[in-house]
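Data from input06.cif: mmCIF, C-alpha atoms and all ligand atoms
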```cif
data_run
#
loop_
_atom_site.group_PDB
_atom_site.id
_atom_site.type_symbol
_atom_site.label_atom_id
_atom_site.label_comp_id
_atom_site.auth_asym_id
_atom_site.auth_seq_id
_atom_site.Cartn_x
_atom_site.Cartn_y
_atom_site.Cartn_z
ATOM 1 C CA MET G 1 0.000 0.000 0.000
ATOM 2 C CA TYR G 2 1.272 3.466 -0.877
ATOM 3 C CA ARG G 3 2.238 5.854 1.889
ATOM 4 C CA VAL G 4 0.096 8.982 1.528
ATOM 5 C CA VAL G 5 0.927 12.538 2.521
ATOM 6 C CA ILE G 6 -1.818 15.124 2.114
ATOM 7 C CA ASP G 7 -0.431 18.660 2.190
ATOM 8 C CA GLU G 8 -3.078 20.505 4.202
ATOM 9 C CA LYS G 9 -1.571 23.861 3.274
ATOM 10 C CA LEU G 10 -2.006 23.139 -0.438
ATOM 11 C CA CYS G 11 -5.452 21.529 -0.234
ATOM 12 C CA ILE G 12 -8.210 23.893 -1.365
ATOM 13 C CA GLY G 13 -11.083 21.564 -0.505
ATOM 14 C CA SER G 14 -12.199 21.114 -4.099
ATOM 15 C CA SER G 15 -13.320 17.508 -3.425
ATOM 16 C CA ASN G 16 -12.008 16.206 -6.755
ATOM 17 C CA CYS G 17 -10.130 13.446 -4.941
ATOM 18 C CA MET G 18 -13.253 12.338 -3.091
ATOM 19 C CA GLU G 19 -15.398 12.442 -6.217
ATOM 20 C CA GLU G 20 -12.845 10.389 -8.146
ATOM 21 C CA ALA G 21 -12.022 7.947 -5.335
ATOM 22 C CA PRO G 22 -14.583 8.039 -2.518
ATOM 23 C CA ASP G 23 -13.210 4.778 -1.179
ATOM 24 C CA ALA G 24 -9.842 6.458 -0.556
ATOM 25 C CA TYR G 25 -10.456 10.134 0.277
ATOM 26 C CA GLU G 26 -13.033 12.316 1.960
ATOM 27 C CA VAL G 27 -13.181 16.010 2.800
ATOM 28 C CA ASP G 28 -13.529 16.685 6.519
ATOM 29 C CA ASP G 29 -15.446 19.432 8.304
ATOM 30 C CA ARG G 30 -12.443 21.747 7.948
ATOM 31 C CA GLY G 31 -12.700 21.436 4.168
ATOM 32 C CA ILE G 32 -9.462 19.462 3.993
ATOM 33 C CA ALA G 33 -8.991 16.072 2.353
ATOM 34 C CA VAL G 34 -8.295 13.132 4.646
ATOM 35 C CA LEU G 35 -7.789 9.444 4.027
ATOM 36 C CA VAL G 36 -10.610 6.971 4.312
ATOM 37 C CA ARG G 37 -9.239 4.197 6.543
ATOM 38 C CA PRO G 38 -8.391 1.745 5.326
ATOM 39 C CA PRO G 39 -8.086 3.071 1.756
ATOM 40 C CA ALA G 40 -9.510 0.632 -0.762
ATOM 41 C CA SER G 41 -6.447 0.128 -2.931
ATOM 42 C CA ASP G 42 -3.354 1.730 -4.411
ATOM 43 C CA GLU G 43 -5.326 2.230 -7.618
ATOM 44 C CA ALA G 44 -7.959 4.265 -5.757
ATOM 45 C CA LEU G 45 -5.262 6.277 -3.987
ATOM 46 C CA LEU G 46 -3.583 7.073 -7.301
ATOM 47 C CA ASN G 47 -6.808 7.909 -9.142
ATOM 48 C CA GLY G 48 -7.784 10.371 -6.433
ATOM 49 C CA ALA G 49 -4.329 11.900 -6.269
ATOM 50 C CA ARG G 50 -4.268 12.424 -10.031
ATOM 51 C CA ALA G 51 -7.578 14.286 -9.806
ATOM 52 C CA CYS G 52 -6.184 16.889 -7.401
ATOM 53 C CA PRO G 53 -5.770 20.238 -9.186
ATOM 54 C CA VAL G 54 -3.025 21.440 -6.842
ATOM 55 C CA ASP G 55 -1.073 18.183 -6.345
ATOM 56 C CA ALA G 56 -1.772 18.218 -2.618
ATOM 57 C CA ILE G 57 -1.721 14.409 -2.441
ATOM 58 C CA VAL G 58 1.744 12.856 -2.568
ATOM 59 C CA LEU G 59 2.161 9.094 -2.838
ATOM 60 C CA PHE G 60 5.207 7.018 -1.997
ATOM 61 C CA GLU G 61 6.109 3.386 -2.432
ATOM 62 C CA PRO G 62 6.868 1.561 0.829
ATOM 63 C CA ASP G 63 10.575 1.874 -0.036
ATOM 64 C CA GLY G 64 10.258 5.665 -0.151
ATOM 65 C CA ARG G 65 10.206 6.098 -3.934
ATOM 66 C CA ARG G 66 7.878 8.920 -4.916
ATOM 67 C CA VAL G 67 4.980 7.742 -7.080
ATOM 68 C CA HIS G 68 2.951 10.925 -7.553
ATOM 69 C CA PRO G 69 3.164 13.728 -8.496
HETATM 70 S S1 LIG G 101 -8.591 17.244 -4.845
HETATM 71 FE FE1 LIG G 101 -6.776 18.123 -3.831
HETATM 72 S S2 LIG G 101 -7.377 20.193 -3.271
HETATM 73 FE FE2 LIG G 101 -9.269 19.054 -3.699
HETATM 74 S S3 LIG G 101 -9.912 18.245 -1.687
HETATM 75 FE FE3 LIG G 101 -8.670 16.665 -2.673
HETATM 76 S S4 LIG G 101 -6.567 17.027 -1.888
HETATM 77 FE FE4 LIG G 101 -7.763 18.875 -1.494
#
```
Go ahead and express the file in the form of structure tokens.
Amino acid sequence: MYRVVIDEKLCIGSSNCMEEAPDAYEVDDRGIAVLVRPPASDEALLNGARACPVDAIVLFEPDGRRVHP
């Protein structure tokens, strides 16, 4: 499973990630994206991350290699 870092300073609460991958991301009552736990799959994590207009979702392989963006 990818390691996920959501940059709360970058997130603008657009909900694209949640709309694209509701089984991986949701927007909390602060208007910031958070992970659904447990996220459904790496595919869902990546699909949601790719939908973010400001690249606020950063994904890493378990070995630390950056996957996205
Ligand atoms: S798509 Fe990006 S900016 Fe929009 S809520 Fe998700 S993480 Fe935040």
Neighbourhood of ligand LIG 101 (chain G) at 12 Å, counting only C-alpha atoms and all ligand atoms, reported as a PDB file with C-alpha atoms, in the frame of the given file:
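Ended up saving to pocket_34.pdb:
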```pdb
ATOM      1  CA  VAL G   4       0.096   8.982   1.528  1.00  0.00           C
ATOM      2  CA  VAL G   5       0.927  12.538   2.521  1.00  0.00           C
ATOM      3  CA  ILE G   6      -1.818  15.124   2.114  1.00  0.00           C
ATOM      4  CA  ASP G   7      -0.431  18.660   2.190  1.00  0.00           C
ATOM      5  CA  GLU G   8      -3.078  20.505   4.202  1.00  0.00           C
ATOM      6  CA  LYS G   9      -1.571  23.861   3.274  1.00  0.00           C
ATOM      7  CA  LEU G  10      -2.006  23.139  -0.438  1.00  0.00           C
ATOM      8  CA  CYS G  11      -5.452  21.529  -0.234  1.00  0.00           C
ATOM      9  CA  ILE G  12      -8.210  23.893  -1.365  1.00  0.00           C
ATOM     10  CA  GLY G  13     -11.083  21.564  -0.505  1.00  0.00           C
ATOM     11  CA  SER G  14     -12.199  21.114  -4.099  1.00  0.00           C
ATOM     12  CA  SER G  15     -13.320  17.508  -3.425  1.00  0.00           C
ATOM     13  CA  ASN G  16     -12.008  16.206  -6.755  1.00  0.00           C
ATOM     14  CA  CYS G  17     -10.130  13.446  -4.941  1.00  0.00           C
ATOM     15  CA  MET G  18     -13.253  12.338  -3.091  1.00  0.00           C
ATOM     16  CA  GLU G  19     -15.398  12.442  -6.217  1.00  0.00           C
ATOM     17  CA  GLU G  20     -12.845  10.389  -8.146  1.00  0.00           C
ATOM     18  CA  ALA G  21     -12.022   7.947  -5.335  1.00  0.00           C
ATOM     19  CA  PRO G  22     -14.583   8.039  -2.518  1.00  0.00           C
ATOM     20  CA  ALA G  24      -9.842   6.458  -0.556  1.00  0.00           C
ATOM     21  CA  TYR G  25     -10.456  10.134   0.277  1.00  0.00           C
ATOM     22  CA  GLU G  26     -13.033  12.316   1.960  1.00  0.00           C
ATOM     23  CA  VAL G  27     -13.181  16.010   2.800  1.00  0.00           C
ATOM     24  CA  ASP G  28     -13.529  16.685   6.519  1.00  0.00           C
ATOM     25  CA  ASP G  29     -15.446  19.432   8.304  1.00  0.00           C
ATOM     26  CA  ARG G  30     -12.443  21.747   7.948  1.00  0.00           C
ATOM     27  CA  GLY G  31     -12.700  21.436   4.168  1.00  0.00           C
ATOM     28  CA  ILE G  32      -9.462  19.462   3.993  1.00  0.00           C
ATOM     29  CA  ALA G  33      -8.991  16.072   2.353  1.00  0.00           C
ATOM     30  CA  VAL G  34      -8.295  13.132   4.646  1.00  0.00           C
ATOM     31  CA  LEU G  35      -7.789   9.444   4.027  1.00  0.00           C
ATOM     32  CA  LEU G  45      -5.262   6.277  -3.987  1.00  0.00           C
ATOM     33  CA  LEU G  46      -3.583   7.073  -7.301  1.00  0.00           C
ATOM     34  CA  ASN G  47      -6.808   7.909  -9.142  1.00  0.00           C
ATOM     35  CA  GLY G  48      -7.784  10.371  -6.433  1.00  0.00           C
ATOM     36  CA  ALA G  49      -4.329  11.900  -6.269  1.00  0.00           C
ATOM     37  CA  ARG G  50      -4.268  12.424 -10.031  1.00  0.00           C
ATOM     38  CA  ALA G  51      -7.578  14.286  -9.806  1.00  0.00           C
ATOM     39  CA  CYS G  52      -6.184  16.889  -7.401  1.00  0.00           C
ATOM     40  CA  PRO G  53      -5.770  20.238  -9.186  1.00  0.00           C
ATOM     41  CA  VAL G  54      -3.025  21.440  -6.842  1.00  0.00           C
ATOM     42  CA  ASP G  55      -1.073  18.183  -6.345  1.00  0.00           C
ATOM     43  CA  ALA G  56      -1.772  18.218  -2.618  1.00  0.00           C
ATOM     44  CA  ILE G  57      -1.721  14.409  -2.441  1.00  0.00           C
ATOM     45  CA  VAL G  58       1.744  12.856  -2.568  1.00  0.00           C
ATOM     46  CA  LEU G  59       2.161   9.094  -2.838  1.00  0.00           C
ATOM     47  CA  PRO G  69       3.164  13.728  -8.496  1.00  0.00           C
TER      48      PRO G  69
END
```
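Atom CA of G:Pro39 to atom CA of G:Asp23 spans 6.1 Å [interatomic distance, one decimal].
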note = The distance between atom CA of G:Arg65 and atom CA of G:Ala40 is 20.7 Å
Stretch 9-23 of chain G, all listed atoms, 6 Å padding on each side: what axis-aligned box centre and edge lengths in Å to one decimal come out, as JSON?
```
{"center_x": -8.5, "center_y": 14.3, "center_z": -2.4, "size_x": 25.8, "size_y": 31.1, "size_z": 23.4}
```
